[in-house]
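Participant: Mind having a look at this structure? Questions to follow.
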Amino acid sequence: MEKIEHPFAQKSAFSGVLDKNLKSLEKRLGISLSARGDALLIDGPEKNMKFAKDYFEKIKDLEEKGYSLSKEDLHITLDLLEEGMTHRIEDFLSSEPLNLSRKSVTPKSLNQQQYIQAIKEYDLVFGIGPAGTGKTYLAMAMALSFLQDKAVNRIVLIRPAIEAGEKLGFLPGDMYQKINPYLRPLYDALFDLAQADQANNLIERGIIEIAPLAYMRGRTLNSAFIILDEAQNTTKEQMKMILTRTGFNSKVVITADITQIDLPEPKKSGVLHAMDILAGIKDISFIQFNHKDVVRHSLVQKIIKAYQKAEAKLRKTQ
């Protein structure tokens with residue numbers, strides 16, 4: 001067992017954050033931890049203890065530099081240290097929030113930070129990864145930010161209604177009622193980020209349009225922020241169609257979870273095809289998310305990781 005001084009004395013607001021996260025840090029570091037006044041007791045394998053000491057020294061350094069560290073910051077700092085990317089820690093912690101009408105949004109992982117930066121720098125961005133990694137939510141936040149700053153004139157939110165094959169006639173109700181269930185996740189993200197009256201007003205005025213993919217045929221979208229969500233469920237033809245709708249001064253963000261393709265022939269997914277043929281174009285950014293980027297319940301991270309392992313094993317046997 002070793003005893004080291006740490007910056008988490010009772011006078012530090014961070015002491016509470018550390019206390020609440022000792023157990024999760026113990027699991028990740030492979031050691032046992034206990035706080036005793038101004039000291040932290042570390043016990044475990046020598047190699048693990050050495051890494052843990054380096055980690056807490058880095059935390060101490062960040063505290064002394066004035067960074068206010070959250071639970072997420074604890075784990076992201078650990079992620080970056082494990083990956084040998086110490087130089088990226090302060091860049092991440094210095095990320096500026098997106099200040100929207102209802103709330104401020106900050107990235108919760110390095111990939112999320114890179115995603116936001118890519119959307120700022122590129123006109124076409126693909127966000128690829130599992131559910132809960134913030135692909136759609138952050139794209140929506142960026143769209144509202146661009147609209148707020150008058151960088152675009154409108155937002156167009158699109159989803160393929162794959163569950164009904166985009167043949168919605170057999171469903172009850174008018175067209176709006178037919179497509180609404182498939183577009184609901186986009187509404188949820190919008191109303192979480194913007195005031196309800198503001199969001200409704202923008203929708204009524206046509207400044208924000210939420211529509212199924214089939215409605216985009218024959219249109220050219222200028223000065224627009226376009227989000228195609230659930231793009232894994234597009235065909236090759238649909239993907240080409242939406243990518244060629246892009247007009248002047250527009251941004252396009254394509255989000256997809258390629259582990260959840262609902263097409264009858266998954267290998268013909270438009271997003272898989274696009275990732276293959278567009279990979280060499282320097283003006284397009286591809287951001288890959290993984291289980292570490294999941295911002296839902298911690299159990300979701302474990303579930304996604306388990307599925308990824310099972311799918312990788314299955315691919316090896318095929």
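Every chain in the structure tokens takes a letter, A first, then B, and so on in the order presented; its residues are numbered from 1, and the ligands are numbered from 1 following the presented order.
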Check which residues of stretch 85-190 of chain A sit at most 8 Å from stretch 197-214 of chain A using only C-alpha atoms, and return one row each with the closest pair of atoms and their distance in Å to one decimal, ordered by chain and rising number, as CSV.

Facilitator:
residue,atom,partner,partner_atom,distance
A:Asn153,CA,A:Ile207,CA,7.0
A:Arg154,CA,A:Ile207,CA,4.6
A:Ile155,CA,A:Ile208,CA,4.7
A:Val156,CA,A:Glu209,CA,4.8
A:Leu157,CA,A:Ile210,CA,4.6
A:Ile158,CA,A:Ala211,CA,5.2
A:Arg159,CA,A:Pro212,CA,5.1
A:Pro160,CA,A:Leu213,CA,5.0
A:Ala161,CA,A:Pro212,CA,6.3
A:Glu166,CA,A:Ala214,CA,7.1
A:Ile179,CA,A:Pro212,CA,7.0
A:Leu183,CA,A:Ile210,CA,7.1
A:Leu186,CA,A:Ile210,CA,7.7
A:Leu190,CA,A:Ala199,CA,7.2

Participant: Based on the selection just made, write all heavy atoms of those residues as a compact mmCIF listing (two decimals), in the first residue's frame.

Facilitator:
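Contents of the output file selection_12.txt:
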# COMPACT_ATOMS: atom_id res chain seq x y z
N ASN A 153 -29.85 29.36 -42.89
CA ASN A 153 -31.19 29.95 -42.84
C ASN A 153 -32.25 28.97 -42.34
O ASN A 153 -33.34 29.39 -41.94
CB ASN A 153 -31.61 30.46 -44.22
CG ASN A 153 -30.74 31.60 -44.70
OD1 ASN A 153 -30.21 32.37 -43.88
ND2 ASN A 153 -30.57 31.72 -46.01
N ARG A 154 -31.92 27.69 -42.36
CA ARG A 154 -32.91 26.70 -41.93
C ARG A 154 -32.24 25.39 -41.56
O ARG A 154 -31.06 25.16 -41.86
CB ARG A 154 -33.95 26.46 -43.03
CG ARG A 154 -33.35 26.02 -44.35
CD ARG A 154 -34.44 25.80 -45.38
NE ARG A 154 -33.88 25.64 -46.71
CZ ARG A 154 -34.51 25.04 -47.71
NH1 ARG A 154 -35.72 24.53 -47.51
NH2 ARG A 154 -33.95 24.95 -48.89
N ILE A 155 -33.02 24.54 -40.90
CA ILE A 155 -32.55 23.21 -40.50
C ILE A 155 -33.49 22.19 -41.12
O ILE A 155 -34.72 22.33 -41.04
CB ILE A 155 -32.56 23.07 -38.96
CG1 ILE A 155 -31.59 24.07 -38.32
CG2 ILE A 155 -32.20 21.64 -38.56
CD1 ILE A 155 -31.69 24.11 -36.80
N VAL A 156 -32.90 21.17 -41.74
CA VAL A 156 -33.70 20.09 -42.33
C VAL A 156 -33.29 18.79 -41.67
O VAL A 156 -32.13 18.37 -41.75
CB VAL A 156 -33.49 20.01 -43.86
CG1 VAL A 156 -34.37 18.91 -44.45
CG2 VAL A 156 -33.80 21.35 -44.52
N LEU A 157 -34.25 18.16 -40.99
CA LEU A 157 -34.00 16.92 -40.24
C LEU A 157 -34.70 15.77 -40.95
O LEU A 157 -35.92 15.82 -41.18
CB LEU A 157 -34.52 17.07 -38.81
CG LEU A 157 -34.05 18.34 -38.07
CD1 LEU A 157 -34.78 18.49 -36.76
CD2 LEU A 157 -32.55 18.29 -37.85
N ILE A 158 -33.94 14.74 -41.28
CA ILE A 158 -34.46 13.67 -42.14
C ILE A 158 -34.21 12.31 -41.52
O ILE A 158 -33.16 12.08 -40.91
CB ILE A 158 -33.77 13.71 -43.52
CG1 ILE A 158 -33.81 15.13 -44.11
CG2 ILE A 158 -34.39 12.72 -44.48
CD1 ILE A 158 -32.80 15.33 -45.24
N ARG A 159 -35.18 11.43 -41.68
CA ARG A 159 -35.03 10.04 -41.26
C ARG A 159 -35.69 9.13 -42.28
O ARG A 159 -36.77 9.44 -42.78
CB ARG A 159 -35.71 9.81 -39.91
CG ARG A 159 -34.76 9.73 -38.73
CD ARG A 159 -35.49 9.20 -37.52
NE ARG A 159 -34.55 8.81 -36.49
CZ ARG A 159 -34.76 7.88 -35.59
NH1 ARG A 159 -35.89 7.20 -35.59
NH2 ARG A 159 -33.86 7.58 -34.68
N PRO A 160 -35.07 7.97 -42.58
CA PRO A 160 -35.78 7.00 -43.42
C PRO A 160 -36.80 6.25 -42.57
O PRO A 160 -36.49 5.83 -41.46
CB PRO A 160 -34.67 6.06 -43.89
CG PRO A 160 -33.62 6.15 -42.81
CD PRO A 160 -33.70 7.54 -42.25
N ALA A 161 -38.02 6.13 -43.10
CA ALA A 161 -39.07 5.39 -42.38
C ALA A 161 -38.97 3.92 -42.77
O ALA A 161 -39.88 3.35 -43.35
CB ALA A 161 -40.45 5.96 -42.70
N GLU A 166 -40.95 2.96 -46.19
CA GLU A 166 -41.34 4.23 -46.79
C GLU A 166 -42.62 4.08 -47.61
O GLU A 166 -42.96 4.93 -48.41
CB GLU A 166 -40.21 4.84 -47.63
CG GLU A 166 -39.03 5.25 -46.77
CD GLU A 166 -38.21 6.37 -47.36
OE1 GLU A 166 -38.53 6.83 -48.48
OE2 GLU A 166 -37.25 6.79 -46.70
N ILE A 179 -46.09 9.38 -40.51
CA ILE A 179 -44.63 9.47 -40.42
C ILE A 179 -44.14 9.90 -39.04
O ILE A 179 -42.97 9.70 -38.70
CB ILE A 179 -44.06 10.45 -41.47
CG1 ILE A 179 -44.54 11.88 -41.20
CG2 ILE A 179 -44.40 10.00 -42.88
CD1 ILE A 179 -43.93 12.93 -42.12
N LEU A 183 -40.19 9.93 -36.87
CA LEU A 183 -39.46 11.19 -36.73
C LEU A 183 -39.38 11.64 -35.27
O LEU A 183 -38.70 12.61 -34.94
CB LEU A 183 -40.14 12.29 -37.56
CG LEU A 183 -40.30 11.96 -39.04
CD1 LEU A 183 -41.04 13.09 -39.75
CD2 LEU A 183 -38.96 11.72 -39.71
N LEU A 186 -36.13 12.77 -33.46
CA LEU A 186 -35.61 14.08 -33.85
C LEU A 186 -36.33 15.19 -33.10
O LEU A 186 -35.72 16.16 -32.66
CB LEU A 186 -35.76 14.28 -35.36
CG LEU A 186 -34.90 13.35 -36.23
CD1 LEU A 186 -35.27 13.50 -37.70
CD2 LEU A 186 -33.43 13.65 -36.03
N LEU A 190 -34.71 17.95 -30.45
CA LEU A 190 -34.98 19.37 -30.67
C LEU A 190 -35.59 20.03 -29.44
O LEU A 190 -35.13 21.09 -28.99
CB LEU A 190 -35.91 19.53 -31.88
CG LEU A 190 -36.44 20.95 -32.14
CD1 LEU A 190 -35.29 21.92 -32.42
CD2 LEU A 190 -37.42 20.93 -33.31

Participant: Compile the contact shell of stretch 105-113 of chain A as a PyMOL selection string: residues with an atom at most 7 Å away, counting only C-alpha atoms, same-chain residues fewer than 5 positions apart removed.

Facilitator: chain A and resi 72+76+92+97-99+289+293

Participant: When DSSP works through the backbone of this structure, what residues of stretch 65-257 of chain A end up as strand (DSSP E), shown as a PyMOL selection string?

Facilitator: chain A and resi 98-99+104-105+124-128+154-159+208-212+224-228+251-256

Participant: Write out, as a compact mmCIF listing (two decimals), in the first residue's frame, the residues just selected, with N, CA, C and O atoms.

Facilitator:
# COMPACT_ATOMS: atom_id res chain seq x y z
N LEU A 98 -21.56 24.90 -26.27
CA LEU A 98 -22.51 25.49 -27.21
C LEU A 98 -23.64 26.08 -26.38
O LEU A 98 -24.38 25.34 -25.72
N ASN A 99 -23.78 27.37 -26.38
CA ASN A 99 -24.79 28.05 -25.57
C ASN A 99 -26.06 28.24 -26.39
O ASN A 99 -26.13 29.11 -27.26
N SER A 104 -26.74 24.78 -22.18
CA SER A 104 -25.41 24.72 -22.78
C SER A 104 -25.02 23.26 -22.98
O SER A 104 -25.35 22.41 -22.16
N VAL A 105 -24.34 22.98 -24.06
CA VAL A 105 -23.96 21.62 -24.40
C VAL A 105 -22.44 21.55 -24.53
O VAL A 105 -21.83 22.37 -25.24
N LEU A 124 -19.43 18.16 -44.93
CA LEU A 124 -20.07 16.84 -44.86
C LEU A 124 -19.36 16.00 -43.81
O LEU A 124 -18.15 15.77 -43.90
N VAL A 125 -20.13 15.57 -42.80
CA VAL A 125 -19.57 14.79 -41.70
C VAL A 125 -20.42 13.54 -41.48
O VAL A 125 -21.65 13.62 -41.44
N PHE A 126 -19.76 12.40 -41.34
CA PHE A 126 -20.42 11.15 -40.97
C PHE A 126 -20.11 10.85 -39.51
O PHE A 126 -18.93 10.79 -39.12
N GLY A 127 -21.14 10.66 -38.70
CA GLY A 127 -20.97 10.23 -37.32
C GLY A 127 -21.43 8.79 -37.21
O GLY A 127 -22.64 8.51 -37.30
N ILE A 128 -20.49 7.87 -37.04
CA ILE A 128 -20.78 6.43 -37.06
C ILE A 128 -20.54 5.84 -35.68
O ILE A 128 -19.46 6.00 -35.11
N ARG A 154 -31.92 27.69 -42.36
CA ARG A 154 -32.91 26.70 -41.93
C ARG A 154 -32.24 25.39 -41.56
O ARG A 154 -31.06 25.16 -41.86
N ILE A 155 -33.02 24.54 -40.90
CA ILE A 155 -32.55 23.21 -40.50
C ILE A 155 -33.49 22.19 -41.12
O ILE A 155 -34.72 22.33 -41.04
N VAL A 156 -32.90 21.17 -41.74
CA VAL A 156 -33.70 20.09 -42.33
C VAL A 156 -33.29 18.79 -41.67
O VAL A 156 -32.13 18.37 -41.75
N LEU A 157 -34.25 18.16 -40.99
CA LEU A 157 -34.00 16.92 -40.24
C LEU A 157 -34.70 15.77 -40.95
O LEU A 157 -35.92 15.82 -41.18
N ILE A 158 -33.94 14.74 -41.28
CA ILE A 158 -34.46 13.67 -42.14
C ILE A 158 -34.21 12.31 -41.52
O ILE A 158 -33.16 12.08 -40.91
N ARG A 159 -35.18 11.43 -41.68
CA ARG A 159 -35.03 10.04 -41.26
C ARG A 159 -35.69 9.13 -42.28
O ARG A 159 -36.77 9.44 -42.78
N ILE A 208 -37.43 25.16 -39.41
CA ILE A 208 -37.02 23.80 -39.09
C ILE A 208 -38.01 22.85 -39.76
O ILE A 208 -39.22 22.95 -39.53
N GLU A 209 -37.50 21.99 -40.60
CA GLU A 209 -38.34 21.01 -41.30
C GLU A 209 -37.92 19.61 -40.87
O GLU A 209 -36.73 19.28 -40.88
N ILE A 210 -38.88 18.80 -40.48
CA ILE A 210 -38.61 17.42 -40.10
C ILE A 210 -39.42 16.53 -41.03
O ILE A 210 -40.65 16.62 -41.08
N ALA A 211 -38.72 15.70 -41.80
CA ALA A 211 -39.42 14.98 -42.86
C ALA A 211 -38.78 13.63 -43.11
O ALA A 211 -37.61 13.40 -42.82
N PRO A 212 -39.57 12.70 -43.70
CA PRO A 212 -39.00 11.40 -44.11
C PRO A 212 -38.11 11.60 -45.33
O PRO A 212 -38.28 12.54 -46.11
N ALA A 224 -28.61 25.58 -45.66
CA ALA A 224 -29.33 24.71 -44.73
C ALA A 224 -28.36 23.84 -43.96
O ALA A 224 -27.27 23.51 -44.43
N PHE A 225 -28.78 23.49 -42.74
CA PHE A 225 -28.06 22.50 -41.94
C PHE A 225 -28.91 21.24 -42.02
O PHE A 225 -30.02 21.19 -41.50
N ILE A 226 -28.38 20.22 -42.69
CA ILE A 226 -29.14 19.01 -42.97
C ILE A 226 -28.61 17.86 -42.11
O ILE A 226 -27.42 17.58 -42.09
N ILE A 227 -29.50 17.20 -41.39
CA ILE A 227 -29.13 16.03 -40.60
C ILE A 227 -29.91 14.83 -41.13
O ILE A 227 -31.14 14.83 -41.13
N LEU A 228 -29.20 13.83 -41.61
CA LEU A 228 -29.83 12.56 -41.97
C LEU A 228 -29.53 11.58 -40.85
O LEU A 228 -28.39 11.16 -40.66
N LYS A 251 -24.51 22.61 -44.64
CA LYS A 251 -23.81 21.59 -43.87
C LYS A 251 -24.65 20.32 -43.90
O LYS A 251 -25.88 20.38 -43.78
N VAL A 252 -23.98 19.19 -44.02
CA VAL A 252 -24.69 17.89 -43.98
C VAL A 252 -24.02 17.01 -42.94
O VAL A 252 -22.81 16.81 -42.97
N VAL A 253 -24.82 16.50 -42.00
CA VAL A 253 -24.33 15.54 -41.02
C VAL A 253 -25.13 14.25 -41.17
O VAL A 253 -26.36 14.26 -41.12
N ILE A 254 -24.42 13.16 -41.38
CA ILE A 254 -25.02 11.84 -41.55
C ILE A 254 -24.73 11.03 -40.30
O ILE A 254 -23.57 10.83 -39.95
N THR A 255 -25.76 10.55 -39.61
CA THR A 255 -25.54 9.73 -38.42
C THR A 255 -26.01 8.30 -38.70
O THR A 255 -27.02 8.09 -39.38
N ALA A 256 -25.26 7.34 -38.17
CA ALA A 256 -25.60 5.94 -38.43
C ALA A 256 -25.04 5.02 -37.37
O ALA A 256 -23.96 5.25 -36.84

Participant: Separation of atom CA of A:Gly84 and atom CA of A:Asn290, in Å?

Facilitator: 17.9 Å

Participant: Using only C-alpha atoms, which residues sit within 12 Å of A:Glu26 once same-chain residues fewer than 3 positions away are excluded, as an NGL selection string?

Facilitator: :A and (18-23 or 29-34 or 41-44 or 48-49 or 52 or 75 or 78)

Participant: Please dump the current selection as a PDB file, in the first residue's frame; keep C-alpha atoms.

Facilitator:
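Contents of selection.pdb, freshly written:
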ATOM      1  CA  LEU A  18     -13.773  11.891  -6.159  1.00  0.00           C
ATOM      2  CA  ASP A  19     -15.554  10.238  -3.219  1.00  0.00           C
ATOM      3  CA  LYS A  20     -18.548   9.358  -5.385  1.00  0.00           C
ATOM      4  CA  ASN A  21     -16.353   7.834  -8.055  1.00  0.00           C
ATOM      5  CA  LEU A  22     -13.788   5.890  -6.026  1.00  0.00           C
ATOM      6  CA  LYS A  23     -15.449   2.555  -6.783  1.00  0.00           C
ATOM      7  CA  LEU A  29      -7.368   1.210 -12.408  1.00  0.00           C
ATOM      8  CA  GLY A  30      -7.332  -2.322 -10.978  1.00  0.00           C
ATOM      9  CA  ILE A  31      -6.476  -1.129  -7.454  1.00  0.00           C
ATOM     10  CA  SER A  32      -8.159  -0.278  -4.161  1.00  0.00           C
ATOM     11  CA  LEU A  33      -8.512   3.371  -3.150  1.00  0.00           C
ATOM     12  CA  SER A  34      -9.455   5.144   0.044  1.00  0.00           C
ATOM     13  CA  LEU A  41      -4.264   5.331  -0.012  1.00  0.00           C
ATOM     14  CA  ILE A  42      -3.548   3.130  -3.017  1.00  0.00           C
ATOM     15  CA  ASP A  43      -3.138  -0.636  -2.882  1.00  0.00           C
ATOM     16  CA  GLY A  44      -2.768  -3.219  -5.619  1.00  0.00           C
ATOM     17  CA  ASN A  48      -1.292  -0.599 -11.537  1.00  0.00           C
ATOM     18  CA  MET A  49      -0.256   1.518  -8.551  1.00  0.00           C
ATOM     19  CA  ALA A  52      -2.649   5.274 -10.671  1.00  0.00           C
ATOM     20  CA  HIS A  75     -12.841   9.164 -16.860  1.00  0.00           C
ATOM     21  CA  LEU A  78      -8.053   8.357 -17.695  1.00  0.00           C
TER      22      LEU A  78
END

Participant: Do a neighbour search on A:Leu263 at 12 Å with only C-alpha atoms, toss out local chain neighbours closer than 2 positions, and write the hits as a compact mmCIF listing (two decimals) with all heavy atoms, in the first residue's frame.

Facilitator:
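Saved the output as around_8.txt:
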# COMPACT_ATOMS: atom_id res chain seq x y z
N PRO A 160 -35.07 7.97 -42.58
CA PRO A 160 -35.78 7.00 -43.42
C PRO A 160 -36.80 6.25 -42.57
O PRO A 160 -36.49 5.83 -41.46
CB PRO A 160 -34.67 6.06 -43.89
CG PRO A 160 -33.62 6.15 -42.81
CD PRO A 160 -33.70 7.54 -42.25
N ALA A 161 -38.02 6.13 -43.10
CA ALA A 161 -39.07 5.39 -42.38
C ALA A 161 -38.97 3.92 -42.77
O ALA A 161 -39.88 3.35 -43.35
CB ALA A 161 -40.45 5.96 -42.70
N ILE A 162 -37.86 3.31 -42.44
CA ILE A 162 -37.56 1.97 -42.93
C ILE A 162 -38.51 0.93 -42.38
O ILE A 162 -38.82 -0.07 -43.02
CB ILE A 162 -36.10 1.57 -42.60
CG1 ILE A 162 -35.74 0.22 -43.24
CG2 ILE A 162 -35.86 1.52 -41.10
CD1 ILE A 162 -35.82 0.22 -44.73
N GLU A 163 -39.03 1.17 -41.16
CA GLU A 163 -39.90 0.15 -40.57
C GLU A 163 -41.14 -0.10 -41.44
O GLU A 163 -41.74 -1.16 -41.39
CB GLU A 163 -40.35 0.58 -39.17
CG GLU A 163 -39.22 0.68 -38.16
CD GLU A 163 -38.52 2.02 -38.17
OE1 GLU A 163 -38.70 2.79 -39.11
OE2 GLU A 163 -37.77 2.30 -37.20
N ALA A 164 -41.51 0.92 -42.21
CA ALA A 164 -42.65 0.75 -43.11
C ALA A 164 -42.19 0.76 -44.56
O ALA A 164 -42.99 0.91 -45.46
CB ALA A 164 -43.66 1.88 -42.88
N GLY A 165 -40.89 0.62 -44.77
CA GLY A 165 -40.35 0.60 -46.13
C GLY A 165 -40.64 1.87 -46.90
O GLY A 165 -40.61 1.88 -48.12
N GLU A 166 -40.95 2.96 -46.19
CA GLU A 166 -41.34 4.23 -46.79
C GLU A 166 -42.62 4.08 -47.61
O GLU A 166 -42.96 4.93 -48.41
CB GLU A 166 -40.21 4.84 -47.63
CG GLU A 166 -39.03 5.25 -46.77
CD GLU A 166 -38.21 6.37 -47.36
OE1 GLU A 166 -38.53 6.83 -48.48
OE2 GLU A 166 -37.25 6.79 -46.70
N GLU A 230 -30.18 7.95 -38.61
CA GLU A 230 -30.42 6.52 -38.88
C GLU A 230 -30.07 6.17 -40.33
O GLU A 230 -30.78 5.40 -41.00
CB GLU A 230 -31.87 6.15 -38.58
CG GLU A 230 -32.28 6.32 -37.12
CD GLU A 230 -31.67 5.27 -36.21
OE1 GLU A 230 -31.37 4.17 -36.69
OE2 GLU A 230 -31.50 5.56 -35.01
N ALA A 231 -28.96 6.71 -40.82
CA ALA A 231 -28.61 6.55 -42.23
C ALA A 231 -28.23 5.12 -42.59
O ALA A 231 -28.14 4.78 -43.78
CB ALA A 231 -27.46 7.49 -42.59
N GLN A 232 -28.01 4.27 -41.59
CA GLN A 232 -27.72 2.86 -41.90
C GLN A 232 -28.89 2.20 -42.62
O GLN A 232 -28.72 1.17 -43.26
CB GLN A 232 -27.37 2.08 -40.62
CG GLN A 232 -28.54 1.78 -39.69
CD GLN A 232 -28.82 2.89 -38.70
OE1 GLN A 232 -28.23 3.97 -38.80
NE2 GLN A 232 -29.68 2.63 -37.73
N ASN A 233 -30.07 2.80 -42.51
CA ASN A 233 -31.26 2.23 -43.12
C ASN A 233 -31.61 2.89 -44.45
O ASN A 233 -32.75 2.82 -44.91
CB ASN A 233 -32.45 2.32 -42.16
CG ASN A 233 -32.28 1.39 -40.97
OD1 ASN A 233 -31.70 0.31 -41.11
ND2 ASN A 233 -32.75 1.80 -39.81
N THR A 234 -30.64 3.53 -45.09
CA THR A 234 -30.83 4.04 -46.45
C THR A 234 -30.26 3.04 -47.45
O THR A 234 -29.33 2.30 -47.14
CB THR A 234 -30.10 5.38 -46.65
OG1 THR A 234 -28.68 5.19 -46.44
CG2 THR A 234 -30.60 6.44 -45.70
N THR A 235 -30.81 3.05 -48.64
CA THR A 235 -30.24 2.26 -49.72
C THR A 235 -29.13 3.09 -50.37
O THR A 235 -28.97 4.28 -50.08
CB THR A 235 -31.31 1.94 -50.78
OG1 THR A 235 -31.77 3.18 -51.36
CG2 THR A 235 -32.49 1.21 -50.17
N LYS A 236 -28.37 2.47 -51.25
CA LYS A 236 -27.31 3.19 -51.96
C LYS A 236 -27.91 4.36 -52.75
O LYS A 236 -27.34 5.46 -52.78
CB LYS A 236 -26.58 2.25 -52.92
CG LYS A 236 -25.81 1.13 -52.23
CD LYS A 236 -25.17 0.21 -53.25
CE LYS A 236 -24.49 -0.97 -52.58
NZ LYS A 236 -23.87 -1.90 -53.58
N ILE A 258 -24.12 1.28 -37.59
CA ILE A 258 -24.03 0.19 -38.57
C ILE A 258 -24.20 -1.19 -37.94
O ILE A 258 -24.17 -2.20 -38.64
CB ILE A 258 -22.71 0.27 -39.37
CG1 ILE A 258 -21.50 0.21 -38.44
CG2 ILE A 258 -22.67 1.54 -40.22
CD1 ILE A 258 -20.16 0.18 -39.18
N THR A 259 -24.39 -1.23 -36.62
CA THR A 259 -24.69 -2.52 -35.98
C THR A 259 -26.20 -2.76 -35.92
O THR A 259 -26.64 -3.80 -35.46
CB THR A 259 -24.12 -2.57 -34.54
OG1 THR A 259 -24.82 -1.64 -33.71
CG2 THR A 259 -22.63 -2.26 -34.54
N GLN A 260 -27.00 -1.77 -36.36
CA GLN A 260 -28.46 -1.91 -36.30
C GLN A 260 -29.08 -1.56 -37.65
O GLN A 260 -29.87 -0.63 -37.76
CB GLN A 260 -29.03 -1.02 -35.20
CG GLN A 260 -28.58 -1.42 -33.80
CD GLN A 260 -29.34 -0.69 -32.72
OE1 GLN A 260 -30.53 -0.42 -32.83
NE2 GLN A 260 -28.67 -0.37 -31.63
N ILE A 261 -28.71 -2.32 -38.67
CA ILE A 261 -29.26 -2.10 -40.01
C ILE A 261 -30.52 -2.94 -40.17
O ILE A 261 -30.51 -4.15 -39.99
CB ILE A 261 -28.22 -2.48 -41.09
CG1 ILE A 261 -26.96 -1.62 -40.93
CG2 ILE A 261 -28.82 -2.31 -42.49
CD1 ILE A 261 -25.82 -2.02 -41.86
N GLU A 265 -31.52 -6.48 -46.88
CA GLU A 265 -30.16 -6.91 -47.23
C GLU A 265 -29.17 -5.91 -46.63
O GLU A 265 -28.80 -4.92 -47.28
CB GLU A 265 -30.00 -6.98 -48.75
CG GLU A 265 -30.89 -8.01 -49.42
CD GLU A 265 -30.66 -8.08 -50.92
OE1 GLU A 265 -29.60 -8.62 -51.32
OE2 GLU A 265 -31.50 -7.58 -51.67
N PRO A 266 -28.76 -6.14 -45.38
CA PRO A 266 -27.92 -5.17 -44.66
C PRO A 266 -26.66 -4.75 -45.40
O PRO A 266 -26.22 -3.60 -45.29
CB PRO A 266 -27.58 -5.92 -43.37
CG PRO A 266 -28.71 -6.85 -43.16
CD PRO A 266 -29.09 -7.30 -44.54
N LYS A 267 -26.06 -5.66 -46.17
CA LYS A 267 -24.81 -5.33 -46.86
C LYS A 267 -25.01 -4.26 -47.93
O LYS A 267 -24.04 -3.68 -48.42
CB LYS A 267 -24.20 -6.60 -47.48
CG LYS A 267 -23.66 -7.57 -46.44
CD LYS A 267 -23.01 -8.77 -47.10
CE LYS A 267 -22.46 -9.74 -46.06
NZ LYS A 267 -21.82 -10.94 -46.66
N LYS A 268 -26.28 -4.00 -48.30
CA LYS A 268 -26.57 -2.98 -49.31
C LYS A 268 -26.90 -1.63 -48.70
O LYS A 268 -27.43 -0.75 -49.38
CB LYS A 268 -27.71 -3.47 -50.23
CG LYS A 268 -27.33 -4.66 -51.08
CD LYS A 268 -28.43 -5.01 -52.07
CE LYS A 268 -27.99 -6.17 -52.97
NZ LYS A 268 -29.04 -6.50 -53.97
N SER A 269 -26.59 -1.47 -47.42
CA SER A 269 -26.84 -0.19 -46.74
C SER A 269 -26.11 0.94 -47.46
O SER A 269 -24.92 0.84 -47.79
CB SER A 269 -26.37 -0.27 -45.29
OG SER A 269 -26.32 1.02 -44.71
N GLY A 270 -26.82 2.04 -47.67
CA GLY A 270 -26.23 3.20 -48.33
C GLY A 270 -25.08 3.80 -47.58
O GLY A 270 -24.14 4.33 -48.19
N VAL A 271 -25.12 3.72 -46.24
CA VAL A 271 -24.04 4.33 -45.47
C VAL A 271 -22.76 3.49 -45.56
O VAL A 271 -21.65 4.03 -45.62
CB VAL A 271 -24.45 4.58 -44.00
CG1 VAL A 271 -24.39 3.32 -43.16
CG2 VAL A 271 -23.59 5.67 -43.38

Participant: Fewer than 5 positions away in the same chain doesn't count, so skip those; otherwise give me all residues within 10 Å of A:Glu82, counting only C-alpha atoms, as a VMD selection string.

Facilitator: chain A and resid 51 55 76 to 77

Participant: Kindly save the residues from that selection, with C-alpha atoms included, as a PDB file, in the first residue's frame.

Facilitator:
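Final output, saved to out-v4.pdb:
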ATOM      1  CA  PHE A  51      -0.119   4.170 -13.319  1.00  0.00           C
ATOM      2  CA  TYR A  55      -3.058   9.554 -13.040  1.00  0.00           C
ATOM      3  CA  ILE A  76     -11.936  11.039 -20.039  1.00  0.00           C
ATOM      4  CA  THR A  77      -8.600  12.039 -18.487  1.00  0.00           C
TER       5      THR A  77
END

Participant: Got a sec to tell me which of stretch 17-209 of chain A DSSP assigns to alpha helix (DSSP H), as an MDAnalysis selection string?

Facilitator: chainID A and resid 17:29 46:64 71:82 89:93 110:121 135:148 175:193 196:204

Participant: Please indicate the distance in Å from atom CA of A:Ser223 to atom CA of A:Val152, rounded to one decimal place.

Facilitator: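 Between atom CA of A:Ser223 and atom CA of A:Val152 the gap is 4.8 Å.
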
Participant: Mind pulling up the distance from atom CA of A:His273 to atom CA of A:Asn222?

Facilitator: 25.2 Å

Participant: Please provide as a list in words all residues within 8 Å of A:Met140, with the sequence filter that same-chain residues fewer than 2 positions apart are discarded (counting only C-alpha atoms).

Facilitator: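 In the requested form, the answer reads Thr136, Tyr137, Leu138, Met142, Ala143, Leu144, Ala189, Leu190 and Ile227 of chain A.
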